[in-house]
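Engineer: What follows is model38.pdb; its format and atoms are PDB, C-alpha atoms and all ligand atoms.
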MODEL        1
ATOM      1  CA  MET A 107      36.553   1.403  -1.197
ATOM      2  CA  ASN A 108      37.596   2.821   2.150
ATOM      3  CA  VAL A 109      38.022   6.560   1.942
ATOM      4  CA  LEU A 110      37.000   7.350   5.508
ATOM      5  CA  PRO A 111      39.426   9.418   7.451
ATOM      6  CA  ARG A 112      40.318   8.377  10.959
ATOM      7  CA  LEU A 113      39.530  10.258  14.119
ATOM      8  CA  ASN A 114      42.373  10.215  16.628
ATOM      9  CA  GLY A 115      43.825   7.225  14.874
ATOM     10  CA  LEU A 116      40.641   5.197  15.283
ATOM     11  CA  PRO A 117      38.383   4.251  12.393
ATOM     12  CA  VAL A 118      35.287   6.444  12.552
ATOM     13  CA  ALA A 119      32.885   3.685  13.598
ATOM     14  CA  GLU A 120      35.234   2.784  16.431
ATOM     15  CA  SER A 121      35.423   6.353  17.613
ATOM     16  CA  LEU A 122      31.634   6.598  17.621
ATOM     17  CA  LYS A 123      31.389   3.424  19.636
ATOM     18  CA  VAL A 124      33.455   5.050  22.323
ATOM     19  CA  PHE A 125      30.494   7.324  23.002
ATOM     20  CA  ARG A 126      27.932   4.567  23.009
ATOM     21  CA  SER A 127      26.146   3.874  26.217
ATOM     22  CA  ASP A 128      24.630   0.433  25.924
ATOM     23  CA  ASP A 129      21.470   1.109  27.885
ATOM     24  CA  GLY A 130      20.720   4.369  26.012
ATOM     25  CA  ALA A 131      21.131   2.856  22.583
ATOM     26  CA  ALA A 132      18.924  -0.102  23.390
ATOM     27  CA  ALA A 133      15.848   1.936  24.308
ATOM     28  CA  SER A 134      13.621   3.112  21.466
ATOM     29  CA  LEU A 135      12.731   6.743  21.232
ATOM     30  CA  ARG A 136       9.292   7.559  22.484
ATOM     31  CA  VAL A 137       7.303  10.707  21.830
ATOM     32  CA  GLY A 138       8.075  13.143  24.631
ATOM     33  CA  SER A 139      11.495  11.694  25.403
ATOM     34  CA  ARG A 140      14.546  13.931  25.521
ATOM     35  CA  LEU A 141      17.874  13.728  23.744
ATOM     36  CA  ASP A 142      19.873  16.543  25.217
ATOM     37  CA  LYS A 143      18.141  19.736  24.043
ATOM     38  CA  TYR A 144      15.789  17.924  21.655
ATOM     39  CA  ARG A 145      12.329  16.711  22.662
ATOM     40  CA  ILE A 146      10.857  14.063  20.346
ATOM     41  CA  VAL A 147       7.507  15.263  18.993
ATOM     42  CA  ARG A 148       6.600  12.529  16.517
ATOM     43  CA  ARG A 149       7.937   9.938  14.153
ATOM     44  CA  LEU A 150       8.079  11.210  10.566
ATOM     45  CA  GLY A 151       9.470   8.464   8.461
ATOM     46  CA  GLU A 152      11.371   5.259   8.369
ATOM     47  CA  GLY A 153      14.051   4.430   5.879
ATOM     48  CA  GLY A 154      16.519   1.675   5.260
ATOM     49  CA  PHE A 155      18.501   2.038   8.447
ATOM     50  CA  ALA A 156      17.262   5.157  10.187
ATOM     51  CA  THR A 157      14.131   6.691  11.638
ATOM     52  CA  VAL A 158      13.376  10.377  11.204
ATOM     53  CA  TYR A 159      11.622  12.217  14.029
ATOM     54  CA  ALA A 160      10.191  15.697  14.344
ATOM     55  CA  ALA A 161      11.607  17.245  17.494
ATOM     56  CA  GLN A 162      11.620  20.504  19.358
ATOM     57  CA  ASP A 163      14.957  22.199  19.902
ATOM     58  CA  LEU A 164      14.352  23.493  23.445
ATOM     59  CA  VAL A 165      17.238  25.933  23.354
ATOM     60  CA  GLU A 166      16.536  27.561  20.007
ATOM     61  CA  ASP A 167      12.780  27.027  20.446
ATOM     62  CA  ARG A 168      12.161  25.648  17.002
ATOM     63  CA  LYS A 169      11.304  22.418  15.284
ATOM     64  CA  VAL A 170      13.927  20.177  13.743
ATOM     65  CA  ALA A 171      14.126  16.790  12.055
ATOM     66  CA  LEU A 172      16.349  14.181  13.740
ATOM     67  CA  LYS A 173      17.671  11.271  11.717
ATOM     68  CA  ILE A 174      18.685   8.423  14.019
ATOM     69  CA  PRO A 175      19.836   4.965  12.937
ATOM     70  CA  HIS A 176      17.772   1.999  14.112
ATOM     71  CA  ASN A 177      19.042   0.289  17.235
ATOM     72  CA  ALA A 178      20.027  -2.780  15.279
ATOM     73  CA  TYR A 179      22.476  -0.646  13.347
ATOM     74  CA  SER A 180      23.896   1.579  16.009
ATOM     75  CA  SER A 181      26.509  -1.021  16.892
ATOM     76  CA  ASN A 182      27.132  -2.081  13.297
ATOM     77  CA  GLU A 183      30.347  -0.592  12.002
ATOM     78  CA  GLN A 184      29.327  -0.646   8.370
ATOM     79  CA  SER A 185      26.135   1.345   9.070
ATOM     80  CA  LEU A 186      27.923   3.835  11.249
ATOM     81  CA  ASP A 187      30.482   4.293   8.496
ATOM     82  CA  ASP A 188      27.628   4.791   6.011
ATOM     83  CA  LEU A 189      25.944   7.369   8.189
ATOM     84  CA  GLN A 190      29.241   9.083   8.865
ATOM     85  CA  ARG A 191      29.844   9.241   5.113
ATOM     86  CA  GLU A 192      26.384  10.734   4.574
ATOM     87  CA  VAL A 193      27.072  13.378   7.210
ATOM     88  CA  ARG A 194      30.448  14.258   5.731
ATOM     89  CA  ILE A 195      28.985  14.566   2.261
ATOM     90  CA  MET A 196      26.132  16.770   3.475
ATOM     91  CA  ALA A 197      28.527  18.932   5.459
ATOM     92  CA  LYS A 198      30.298  19.785   2.204
ATOM     93  CA  LEU A 199      27.134  20.876   0.431
ATOM     94  CA  GLU A 200      25.851  24.379   0.723
ATOM     95  CA  HIS A 201      23.072  25.248  -1.666
ATOM     96  CA  PRO A 202      19.588  26.786  -1.272
ATOM     97  CA  SER A 203      18.000  23.646  -2.771
ATOM     98  CA  ILE A 204      19.868  21.113  -0.627
ATOM     99  CA  LEU A 205      18.714  20.414   2.929
ATOM    100  CA  PRO A 206      21.353  21.888   5.238
ATOM    101  CA  LEU A 207      22.955  19.783   7.941
ATOM    102  CA  LYS A 208      22.533  21.576  11.277
ATOM    103  CA  ASP A 209      24.318  19.227  13.614
ATOM    104  CA  ALA A 210      25.537  15.646  13.919
ATOM    105  CA  ARG A 211      26.699  14.020  17.142
ATOM    106  CA  VAL A 212      26.238  11.240  19.607
ATOM    107  CA  ILE A 213      23.630  11.860  22.317
ATOM    108  CA  ASN A 214      22.908   9.186  24.948
ATOM    109  CA  GLY A 215      24.440   6.567  22.715
ATOM    110  CA  HIS A 216      22.408   7.573  19.654
ATOM    111  CA  PHE A 217      24.065   9.011  16.597
ATOM    112  CA  VAL A 218      21.796  11.983  15.871
ATOM    113  CA  VAL A 219      21.791  13.966  12.635
ATOM    114  CA  VAL A 220      19.850  17.233  12.769
ATOM    115  CA  PHE A 221      18.135  19.100   9.914
ATOM    116  CA  PRO A 222      15.577  21.897   9.645
ATOM    117  CA  LEU A 223      12.050  20.457   9.746
ATOM    118  CA  GLY A 224      10.151  20.675   6.468
ATOM    119  CA  ASP A 225       6.394  20.668   5.888
ATOM    120  CA  GLU A 226       6.174  17.454   3.892
ATOM    121  CA  THR A 227       7.948  15.574   1.109
ATOM    122  CA  LEU A 228       7.371  16.059  -2.599
ATOM    123  CA  GLY A 229       5.951  12.525  -2.494
ATOM    124  CA  ASP A 230       3.217  13.714  -0.099
ATOM    125  CA  ARG A 231       2.640  16.872  -2.122
ATOM    126  CA  LEU A 232       2.099  14.877  -5.313
ATOM    127  CA  THR A 233      -1.118  13.473  -3.900
ATOM    128  CA  ARG A 234      -2.672  16.930  -4.242
ATOM    129  CA  ARG A 235      -3.169  19.152  -7.267
ATOM    130  CA  LEU A 236      -0.172  21.170  -8.334
ATOM    131  CA  SER A 237      -0.333  24.148 -10.704
ATOM    132  CA  ARG A 238       1.969  24.225 -13.720
ATOM    133  CA  ALA A 239       3.724  27.316 -12.381
ATOM    134  CA  THR A 240       4.392  25.734  -8.973
ATOM    135  CA  ALA A 241       5.561  22.491 -10.540
ATOM    136  CA  MET A 242       7.931  24.497 -12.753
ATOM    137  CA  ASP A 243       9.301  26.401  -9.782
ATOM    138  CA  TYR A 244      10.039  23.071  -8.083
ATOM    139  CA  ALA A 245      11.547  21.569 -11.232
ATOM    140  CA  VAL A 246      13.959  24.481 -11.617
ATOM    141  CA  GLN A 247      15.144  24.156  -8.011
ATOM    142  CA  MET A 248      15.435  20.375  -8.276
ATOM    143  CA  ILE A 249      17.623  20.601 -11.372
ATOM    144  CA  SER A 250      19.877  23.166  -9.744
ATOM    145  CA  SER A 251      20.252  21.026  -6.582
ATOM    146  CA  VAL A 252      21.420  17.968  -8.504
ATOM    147  CA  ALA A 253      23.615  20.093 -10.797
ATOM    148  CA  TYR A 254      25.322  21.487  -7.708
ATOM    149  CA  ALA A 255      25.916  18.005  -6.242
ATOM    150  CA  HIS A 256      27.340  16.805  -9.561
ATOM    151  CA  GLU A 257      29.546  19.853  -9.754
ATOM    152  CA  LYS A 258      30.988  18.681  -6.428
ATOM    153  CA  ASN A 259      31.487  15.202  -7.924
ATOM    154  CA  ILE A 260      28.739  13.716  -5.779
ATOM    155  CA  LEU A 261      26.355  11.115  -7.126
ATOM    156  CA  HIS A 262      23.096  10.998  -5.180
ATOM    157  CA  ARG A 263      21.858   7.595  -6.408
ATOM    158  CA  ASP A 264      18.417   7.777  -4.770
ATOM    159  CA  ILE A 265      16.591  10.689  -6.374
ATOM    160  CA  LYS A 266      12.864  10.266  -5.810
ATOM    161  CA  PRO A 267       9.941  12.397  -4.572
ATOM    162  CA  GLU A 268      10.324  11.237  -0.931
ATOM    163  CA  ASN A 269      13.842  12.644  -0.830
ATOM    164  CA  PHE A 270      12.803  16.205  -1.656
ATOM    165  CA  ILE A 271      11.543  18.153   1.360
ATOM    166  CA  LEU A 272       9.186  21.113   0.989
ATOM    167  CA  PHE A 273       9.334  24.344   2.970
ATOM    168  CA  PRO A 274       7.178  27.508   2.949
ATOM    169  CA  ASP A 275       7.412  29.896  -0.021
ATOM    170  CA  GLN A 276       7.763  27.061  -2.506
ATOM    171  CA  VAL A 277      11.240  26.137  -1.389
ATOM    172  CA  ILE A 278      12.204  22.536  -2.117
ATOM    173  CA  GLN A 279      15.376  20.839  -0.875
ATOM    174  CA  LEU A 280      17.090  17.587  -1.756
ATOM    175  CA  THR A 281      18.083  15.298   1.099
ATOM    176  CA  ASP A 282      19.028  11.705   1.949
ATOM    177  CA  PHE A 283      22.564  11.371   0.659
ATOM    178  CA  GLY A 284      22.686   8.011   2.442
ATOM    179  CA  LEU A 285      23.467   6.182  -0.767
ATOM    180  CA  ALA A 286      25.546   8.989  -2.183
ATOM    181  CA  ARG A 287      29.116   8.455  -3.239
ATOM    182  CA  ILE A 288      31.919  10.790  -4.082
ATOM    183  CA  GLU A 289      32.603   9.827  -7.655
ATOM    184  CA  ARG A 290      36.187   8.826  -8.264
ATOM    185  CA  GLY A 291      35.821   7.228 -11.636
ATOM    186  CA  ASP A 292      35.295   3.740 -10.240
ATOM    187  CA  HIS A 293      31.823   2.320  -9.993
ATOM    188  CA  ASP A 294      30.717   0.336  -7.081
ATOM    189  CA  VAL A 295      28.597  -2.630  -7.861
ATOM    190  CA  SER A 296      25.587  -2.228  -5.649
ATOM    191  CA  GLY A 297      22.229  -1.904  -7.328
ATOM    192  CA  SER A 298      20.749   0.065  -4.452
ATOM    193  CA  GLY A 299      18.364   2.947  -5.118
ATOM    194  CA  THR A 300      14.599   2.939  -5.354
ATOM    195  CA  LEU A 301      12.999   0.875  -8.059
ATOM    196  CA  GLY A 302      10.569   3.051  -9.931
ATOM    197  CA  TYR A 303      12.934   5.986 -10.349
ATOM    198  CA  ILE A 304      16.179   4.123 -10.939
ATOM    199  CA  SER A 305      17.715   3.862 -14.376
ATOM    200  CA  PRO A 306      18.173   0.531 -16.127
ATOM    201  CA  GLU A 307      21.973   0.694 -15.783
ATOM    202  CA  GLN A 308      21.792   1.549 -12.072
ATOM    203  CA  ALA A 309      19.496  -1.439 -11.570
ATOM    204  CA  MET A 310      22.317  -3.454 -13.129
ATOM    205  CA  GLY A 311      24.750  -2.008 -10.604
ATOM    206  CA  LYS A 312      26.413   0.710 -12.684
ATOM    207  CA  PRO A 313      25.184   4.096 -11.476
ATOM    208  CA  THR A 314      26.722   7.203 -13.056
ATOM    209  CA  TYR A 315      25.836  10.889 -13.234
ATOM    210  CA  ARG A 316      23.566   9.914 -16.122
ATOM    211  CA  SER A 317      21.599   7.665 -13.750
ATOM    212  CA  ASP A 318      20.898  10.624 -11.446
ATOM    213  CA  VAL A 319      19.811  12.595 -14.532
ATOM    214  CA  PHE A 320      17.395   9.785 -15.404
ATOM    215  CA  SER A 321      15.870   9.684 -11.903
ATOM    216  CA  LEU A 322      15.611  13.473 -11.793
ATOM    217  CA  GLY A 323      13.945  13.453 -15.228
ATOM    218  CA  LEU A 324      11.418  10.887 -14.052
ATOM    219  CA  VAL A 325      10.561  12.862 -10.908
ATOM    220  CA  ILE A 326       9.976  15.967 -13.046
ATOM    221  CA  TYR A 327       7.972  13.905 -15.543
ATOM    222  CA  ARG A 328       5.794  12.752 -12.641
ATOM    223  CA  LEU A 329       5.377  16.359 -11.482
ATOM    224  CA  PHE A 330       3.699  17.278 -14.758
ATOM    225  CA  ALA A 331       2.219  13.986 -15.975
ATOM    226  CA  GLY A 332       1.056  12.535 -12.671
ATOM    227  CA  ASP A 333       2.509   9.173 -13.657
ATOM    228  CA  ILE A 334       5.845   7.720 -14.744
ATOM    229  CA  PRO A 335       7.063   5.376 -17.461
ATOM    230  CA  GLU A 336       8.160   2.021 -16.107
ATOM    231  CA  TYR A 337      10.652  -0.564 -17.203
ATOM    232  CA  PRO A 338      11.168  -1.364 -20.113
ATOM    233  CA  PHE A 339      10.216   2.289 -20.719
ATOM    234  CA  ASP A 340       8.393   1.600 -23.987
ATOM    235  CA  ARG A 341       5.227   3.376 -22.894
ATOM    236  CA  MET A 342       4.915   6.988 -21.764
ATOM    237  CA  PRO A 343       1.853   7.120 -19.483
ATOM    238  CA  GLY A 344       0.470  10.612 -19.074
ATOM    239  CA  TYR A 345       2.536  11.915 -21.984
ATOM    240  CA  ASN A 346      -0.313  14.033 -23.315
ATOM    241  CA  ARG A 347      -0.892  15.435 -19.880
ATOM    242  CA  LEU A 348       2.832  16.100 -19.584
ATOM    243  CA  ARG A 349       2.874  18.172 -22.747
ATOM    244  CA  ARG A 350      -0.162  20.244 -21.819
ATOM    245  CA  GLY A 351       0.967  23.761 -21.070
ATOM    246  CA  LEU A 352       4.672  22.996 -21.476
ATOM    247  CA  SER A 353       6.917  24.369 -24.191
ATOM    248  CA  LYS A 354       8.432  21.943 -26.667
ATOM    249  CA  ASP A 355      11.917  22.838 -25.464
ATOM    250  CA  PHE A 356      11.081  21.845 -21.922
ATOM    251  CA  VAL A 357       9.381  18.590 -22.967
ATOM    252  CA  ASP A 358      12.362  17.733 -25.185
ATOM    253  CA  MET A 359      14.692  18.329 -22.242
ATOM    254  CA  ILE A 360      12.695  15.914 -20.061
ATOM    255  CA  ARG A 361      12.603  13.292 -22.802
ATOM    256  CA  LYS A 362      16.333  13.539 -23.229
ATOM    257  CA  ALA A 363      16.848  13.159 -19.477
ATOM    258  CA  ILE A 364      14.826   9.936 -19.338
ATOM    259  CA  ASP A 365      16.168   8.234 -22.434
ATOM    260  CA  PRO A 366      16.632   4.535 -21.539
ATOM    261  CA  LYS A 367      20.050   4.705 -23.245
ATOM    262  CA  PRO A 368      22.469   6.511 -20.911
ATOM    263  CA  SER A 369      24.585   7.783 -23.825
ATOM    264  CA  LYS A 370      21.606   9.742 -25.185
ATOM    265  CA  ARG A 371      20.950  11.595 -21.927
ATOM    266  CA  PHE A 372      22.662  14.677 -20.531
ATOM    267  CA  ARG A 373      26.075  13.640 -19.298
ATOM    268  CA  ASP A 374      25.265  15.101 -15.884
ATOM    269  CA  ALA A 375      22.825  17.472 -14.209
ATOM    270  CA  VAL A 376      25.153  20.399 -14.930
ATOM    271  CA  ALA A 377      24.561  19.879 -18.665
ATOM    272  CA  MET A 378      20.825  19.562 -18.032
ATOM    273  CA  HIS A 379      20.885  22.710 -15.963
ATOM    274  CA  ASN A 380      22.672  24.594 -18.746
ATOM    275  CA  VAL A 381      19.927  23.639 -21.189
ATOM    276  CA  MET A 382      17.235  24.577 -18.676
ATOM    277  CA  SER A 383      18.783  27.980 -18.126
ATOM    278  CA  LYS A 384      18.451  28.717 -21.850
ATOM    279  CA  ILE A 385      14.743  27.952 -21.948
ATOM    280  CA  ARG A 386      13.182  31.325 -21.562
ATOM    281  CA  TYR A 387       9.567  30.157 -21.641
ATOM    282  CA  PRO A 388       9.239  26.642 -20.230
ATOM    283  CA  LEU A 389       5.449  27.034 -20.060
ATOM    284  CA  THR A 390       3.315  27.806 -23.098
ATOM    285  CA  ASP A 391       1.763  30.490 -20.944
ATOM    286  CA  ARG A 392       4.284  33.179 -21.755
ATOM    287  CA  SER A 393       3.272  35.332 -18.848
ATOM    288  CA  VAL A 394       5.560  32.991 -16.942
ATOM    289  CA  SER A 395       9.103  33.269 -18.136
ATOM    290  CA  LEU A 396      12.257  32.124 -16.404
ATOM    291  CA  LYS A 397      13.710  35.579 -16.694
ATOM    292  CA  GLY A 398      11.803  38.368 -15.035
ATOM    293  CA  SER A 399       8.952  36.477 -13.352
ATOM    294  CA  ALA A 400       8.479  35.087  -9.868
ATOM    295  CA  VAL A 401       9.789  31.787 -11.162
ATOM    296  CA  ALA A 402      12.680  33.581 -12.780
ATOM    297  CA  SER A 403      13.776  35.529  -9.767
ATOM    298  CA  SER A 404      13.792  32.407  -7.636
ATOM    299  CA  TYR A 405      15.618  30.689 -10.480
ATOM    300  CA  THR A 406      18.427  33.180 -10.786
ATOM    301  CA  ARG A 407      18.636  33.559  -7.028
ATOM    302  CA  ARG A 408      19.058  29.820  -6.617
ATOM    303  CA  ILE A 409      21.478  29.390  -9.463
ATOM    304  CA  ALA A 410      23.709  32.237  -8.415
TER     305      ALA A 410
HETATM  306  N1  LIG B   1      13.935  17.650   7.218
HETATM  307  C1  LIG B   1      12.839  16.913   7.142
HETATM  308  N2  LIG B   1      11.625  17.471   7.351
HETATM  309  C2  LIG B   1      10.504  16.722   7.281
HETATM  310  N3  LIG B   1      10.468  15.397   7.017
HETATM  311  C3  LIG B   1      11.642  14.778   6.800
HETATM  312  C4  LIG B   1      12.878  15.490   6.845
HETATM  313  N4  LIG B   1      13.868  14.613   6.584
HETATM  314  C5  LIG B   1      13.278  13.428   6.385
HETATM  315  N5  LIG B   1      11.934  13.489   6.510
HETATM  316  C6  LIG B   1      10.973  12.375   6.392
HETATM  317  O1  LIG B   1      11.617  11.161   6.746
HETATM  318  C7  LIG B   1      11.732  10.277   5.604
HETATM  319  C8  LIG B   1      13.068   9.561   5.606
HETATM  320  O2  LIG B   1      14.143  10.501   5.593
HETATM  321  P1  LIG B   1      15.412  10.300   4.674
HETATM  322  O3  LIG B   1      16.410  11.352   5.001
HETATM  323  O4  LIG B   1      14.967  10.180   3.262
HETATM  324  O5  LIG B   1      16.018   8.935   5.218
HETATM  325  P2  LIG B   1      15.970   7.427   4.745
HETATM  326  O6  LIG B   1      17.391   7.097   4.477
HETATM  327  O7  LIG B   1      15.450   6.787   5.979
HETATM  328  O8  LIG B   1      15.061   7.339   3.536
HETATM  329  C9  LIG B   1      11.540  11.219   4.405
HETATM  330  O9  LIG B   1      11.063  10.541   3.266
HETATM  331  C10 LIG B   1      10.517  12.197   4.972
HETATM  332  O10 LIG B   1       9.231  11.611   4.979
HETATM  333 MG    MG B   2      14.766   8.664   1.916
ENDMDL
END
Once you've parsed the file, please lay out its structure as structure tokens.
Structural biologist:
Amino acid sequence: MNVLPRLNGLPVAESLKVFRSDDGAAASLRVGSRLDKYRIVRRLGEGGFATVYAAQDLVEDRKVALKIPHNAYSSNEQSLDDLQREVRIMAKLEHPSILPLKDARVINGHFVVVFPLGDETLGDRLTRRLSRATAMDYAVQMISSVAYAHEKNILHRDIKPENFILFPDQVIQLTDFGLARIERGDHDVSGSGTLGYISPEQAMGKPTYRSDVFSLGLVIYRLFAGDIPEYPFDRMPGYNRLRRGLSKDFVDMIRKAIDPKPSKRFRDAVAMHNVMSKIRYPLTDRSVSLKGSAVASSYTRRIA
């Protein structure tokens, strides 16, 4: 599938190569080094083909996250096309629970993608205790972020705790659309995604909206249960812990999202979001309701 537009008649990877300076791209990025107005502060994470750094924007005087493909990939057309696709997808998304793209361009031969710097990932946060109310606030935002992407016909395909970034005031944002695809009815046959949160059918190479629903359901399950069911999904570890303090409606919604059979799940996150928005009291503690509480106001604000 080649849906990439061309820049000035050149395929995108070619046009990026025009900017490449061979010496710049070969050097690795050290703490303290400069890329135009960004000063590298530290390395944050390493993914499939890119490294993410915390950096200081010296003009705006604030911290940012820079996603930069590994040297080995910066001359590989396929990877540049992938990164370009990720950037173009993210540029289309504007939602309070999706990490906003701030900038993307070539600096000293590096393709640099710039985002606001978060505090940590949900994966990091899960190593510490989380109250039911906080977990619910996150869950609501997570569902609305994926619903929004699905509404725009975008499959994420790699929903997992490490791809949600946390900010102050309990804001959580989905990122890493590196594996994302604009859904056009055809399925591509790569089984990529992260084992652990990927659905059985995605592992077989057939991801759909229902596969994102499954992964999202598992991340939320983990938020409340501390553990997740694993293939072949016949055991529900932490199920009693999951149910503690949660309303039956909410637990039923999660169970439906993580049904091993795709046809029994929500057809997409929009359908899941619709069900969520009708659950007035997701916690058994009725002092927290989705309408009229702190959770609720953030909920309606983020849905609107
Ligand atoms: N905006 C950000 N703020 C803070 N940390 C981030 C940010 N973006 C990414 N990270 C860190 O870098 C890791 C990899 O980033 P990600 O976008 O998921 O790329 P990859 O494709 O390499 O997985 C994340 O899991 C997280 O630890
Ligand atoms: Mg990632």
Engineer: Let me have all residues with an atom within 6 Å of ligand MG 2 (chain B), counting all atoms listed in the file, laid out as a PyMOL selection string.
Structural biologist: chain A and resi 153+268-269+282
Engineer: Tell me which of A:Leu223, A:Leu348, A:Leu164, A:Ile364 sits closest to ligand LIG 1 (chain B), counting all atoms listed in the file.
Structural biologist: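 Of A:Leu223, A:Leu348, A:Leu164, A:Ile364, the one nearest ligand LIG 1 (chain B) is A:Leu223, counting all atoms listed in the file.
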Engineer: For ligand LIG 1 (chain B), which of A:Val137, A:Ala309, A:Ala210, A:Leu172 is the closest residue, counting all atoms listed in the file?
Structural biologist: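 Of all the options, A:Leu172 lies closest to ligand LIG 1 (chain B).
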Engineer: Written as a PyMOL selection string, what is the full residue list that the PyMOL selection byres (((chain A and resi 221) around 8) and not hetatm) yields on the file shown?
Structural biologist: chain A and resi 170-172+205-209+219-220+222-223
Engineer: Dump as JSON lines the rows for residues of chain A within 10 Å of ligand LIG 1 (chain B): closest atom pair and distance in Å with one decimal, all atoms listed in the file counted, ordered by chain and rising residue number.
Structural biologist:
{"residue": "A:Arg149", "atom": "CA", "partner": "B:LIG1", "partner_atom": "O1", "distance": 8.4}
{"residue": "A:Leu150", "atom": "CA", "partner": "B:LIG1", "partner_atom": "O1", "distance": 5.2}
{"residue": "A:Gly151", "atom": "CA", "partner": "B:LIG1", "partner_atom": "O1", "distance": 3.9}
{"residue": "A:Glu152", "atom": "CA", "partner": "B:LIG1", "partner_atom": "O7", "distance": 5.0}
{"residue": "A:Gly153", "atom": "CA", "partner": "B:LIG1", "partner_atom": "O7", "distance": 2.7}
{"residue": "A:Gly154", "atom": "CA", "partner": "B:LIG1", "partner_atom": "O7", "distance": 5.3}
{"residue": "A:Phe155", "atom": "CA", "partner": "B:LIG1", "partner_atom": "O7", "distance": 6.2}
{"residue": "A:Ala156", "atom": "CA", "partner": "B:LIG1", "partner_atom": "O7", "distance": 4.9}
{"residue": "A:Thr157", "atom": "CA", "partner": "B:LIG1", "partner_atom": "O7", "distance": 5.8}
{"residue": "A:Val158", "atom": "CA", "partner": "B:LIG1", "partner_atom": "O1", "distance": 4.9}
{"residue": "A:Tyr159", "atom": "CA", "partner": "B:LIG1", "partner_atom": "O1", "distance": 7.4}
{"residue": "A:Ala160", "atom": "CA", "partner": "B:LIG1", "partner_atom": "C2", "distance": 7.1}
{"residue": "A:Lys169", "atom": "CA", "partner": "B:LIG1", "partner_atom": "N2", "distance": 9.4}
{"residue": "A:Val170", "atom": "CA", "partner": "B:LIG1", "partner_atom": "N1", "distance": 7.0}
{"residue": "A:Ala171", "atom": "CA", "partner": "B:LIG1", "partner_atom": "N1", "distance": 4.9}
{"residue": "A:Leu172", "atom": "CA", "partner": "B:LIG1", "partner_atom": "N4", "distance": 7.6}
{"residue": "A:Lys173", "atom": "CA", "partner": "B:LIG1", "partner_atom": "O3", "distance": 6.8}
{"residue": "A:Ile174", "atom": "CA", "partner": "B:LIG1", "partner_atom": "O7", "distance": 8.8}
{"residue": "A:Pro175", "atom": "CA", "partner": "B:LIG1", "partner_atom": "O7", "distance": 8.4}
{"residue": "A:His176", "atom": "CA", "partner": "B:LIG1", "partner_atom": "O7", "distance": 9.7}
{"residue": "A:Leu189", "atom": "CA", "partner": "B:LIG1", "partner_atom": "O6", "distance": 9.3}
{"residue": "A:Glu192", "atom": "CA", "partner": "B:LIG1", "partner_atom": "O6", "distance": 9.7}
{"residue": "A:Leu205", "atom": "CA", "partner": "B:LIG1", "partner_atom": "N1", "distance": 7.0}
{"residue": "A:Pro206", "atom": "CA", "partner": "B:LIG1", "partner_atom": "N1", "distance": 8.8}
{"residue": "A:Leu207", "atom": "CA", "partner": "B:LIG1", "partner_atom": "N1", "distance": 9.3}
{"residue": "A:Val219", "atom": "CA", "partner": "B:LIG1", "partner_atom": "O3", "distance": 9.7}
{"residue": "A:Val220", "atom": "CA", "partner": "B:LIG1", "partner_atom": "N1", "distance": 8.1}
{"residue": "A:Phe221", "atom": "CA", "partner": "B:LIG1", "partner_atom": "N1", "distance": 5.2}
{"residue": "A:Pro222", "atom": "CA", "partner": "B:LIG1", "partner_atom": "N1", "distance": 5.2}
{"residue": "A:Leu223", "atom": "CA", "partner": "B:LIG1", "partner_atom": "N2", "distance": 3.9}
{"residue": "A:Gly224", "atom": "CA", "partner": "B:LIG1", "partner_atom": "N2", "distance": 3.6}
{"residue": "A:Asp225", "atom": "CA", "partner": "B:LIG1", "partner_atom": "C2", "distance": 5.9}
{"residue": "A:Glu226", "atom": "CA", "partner": "B:LIG1", "partner_atom": "C2", "distance": 5.5}
{"residue": "A:Thr227", "atom": "CA", "partner": "B:LIG1", "partner_atom": "O10", "distance": 5.7}
{"residue": "A:Leu228", "atom": "CA", "partner": "B:LIG1", "partner_atom": "O9", "distance": 8.9}
{"residue": "A:Gly229", "atom": "CA", "partner": "B:LIG1", "partner_atom": "O9", "distance": 8.0}
{"residue": "A:Asp230", "atom": "CA", "partner": "B:LIG1", "partner_atom": "O10", "distance": 8.1}
{"residue": "A:Asp264", "atom": "CA", "partner": "B:LIG1", "partner_atom": "O8", "distance": 9.0}
{"residue": "A:Ile265", "atom": "CA", "partner": "B:LIG1", "partner_atom": "O4", "distance": 9.8}
{"residue": "A:Lys266", "atom": "CA", "partner": "B:LIG1", "partner_atom": "O9", "distance": 9.3}
{"residue": "A:Pro267", "atom": "CA", "partner": "B:LIG1", "partner_atom": "O9", "distance": 8.1}
{"residue": "A:Glu268", "atom": "CA", "partner": "B:LIG1", "partner_atom": "O9", "distance": 4.3}
{"residue": "A:Asn269", "atom": "CA", "partner": "B:LIG1", "partner_atom": "O4", "distance": 4.9}
{"residue": "A:Phe270", "atom": "CA", "partner": "B:LIG1", "partner_atom": "O9", "distance": 7.7}
{"residue": "A:Ile271", "atom": "CA", "partner": "B:LIG1", "partner_atom": "N2", "distance": 6.0}
{"residue": "A:Leu272", "atom": "CA", "partner": "B:LIG1", "partner_atom": "N2", "distance": 7.7}
{"residue": "A:Phe273", "atom": "CA", "partner": "B:LIG1", "partner_atom": "N2", "distance": 8.5}
{"residue": "A:Gln279", "atom": "CA", "partner": "B:LIG1", "partner_atom": "N1", "distance": 8.8}
{"residue": "A:Leu280", "atom": "CA", "partner": "B:LIG1", "partner_atom": "O4", "distance": 9.2}
{"residue": "A:Thr281", "atom": "CA", "partner": "B:LIG1", "partner_atom": "O3", "distance": 5.8}
{"residue": "A:Asp282", "atom": "CA", "partner": "B:LIG1", "partner_atom": "O3", "distance": 4.0}
{"residue": "A:Phe283", "atom": "CA", "partner": "B:LIG1", "partner_atom": "O3", "distance": 7.5}
{"residue": "A:Gly284", "atom": "CA", "partner": "B:LIG1", "partner_atom": "O6", "distance": 5.7}
{"residue": "A:Leu285", "atom": "CA", "partner": "B:LIG1", "partner_atom": "O6", "distance": 8.1}
{"residue": "A:Thr300", "atom": "CA", "partner": "B:LIG1", "partner_atom": "O8", "distance": 9.9}
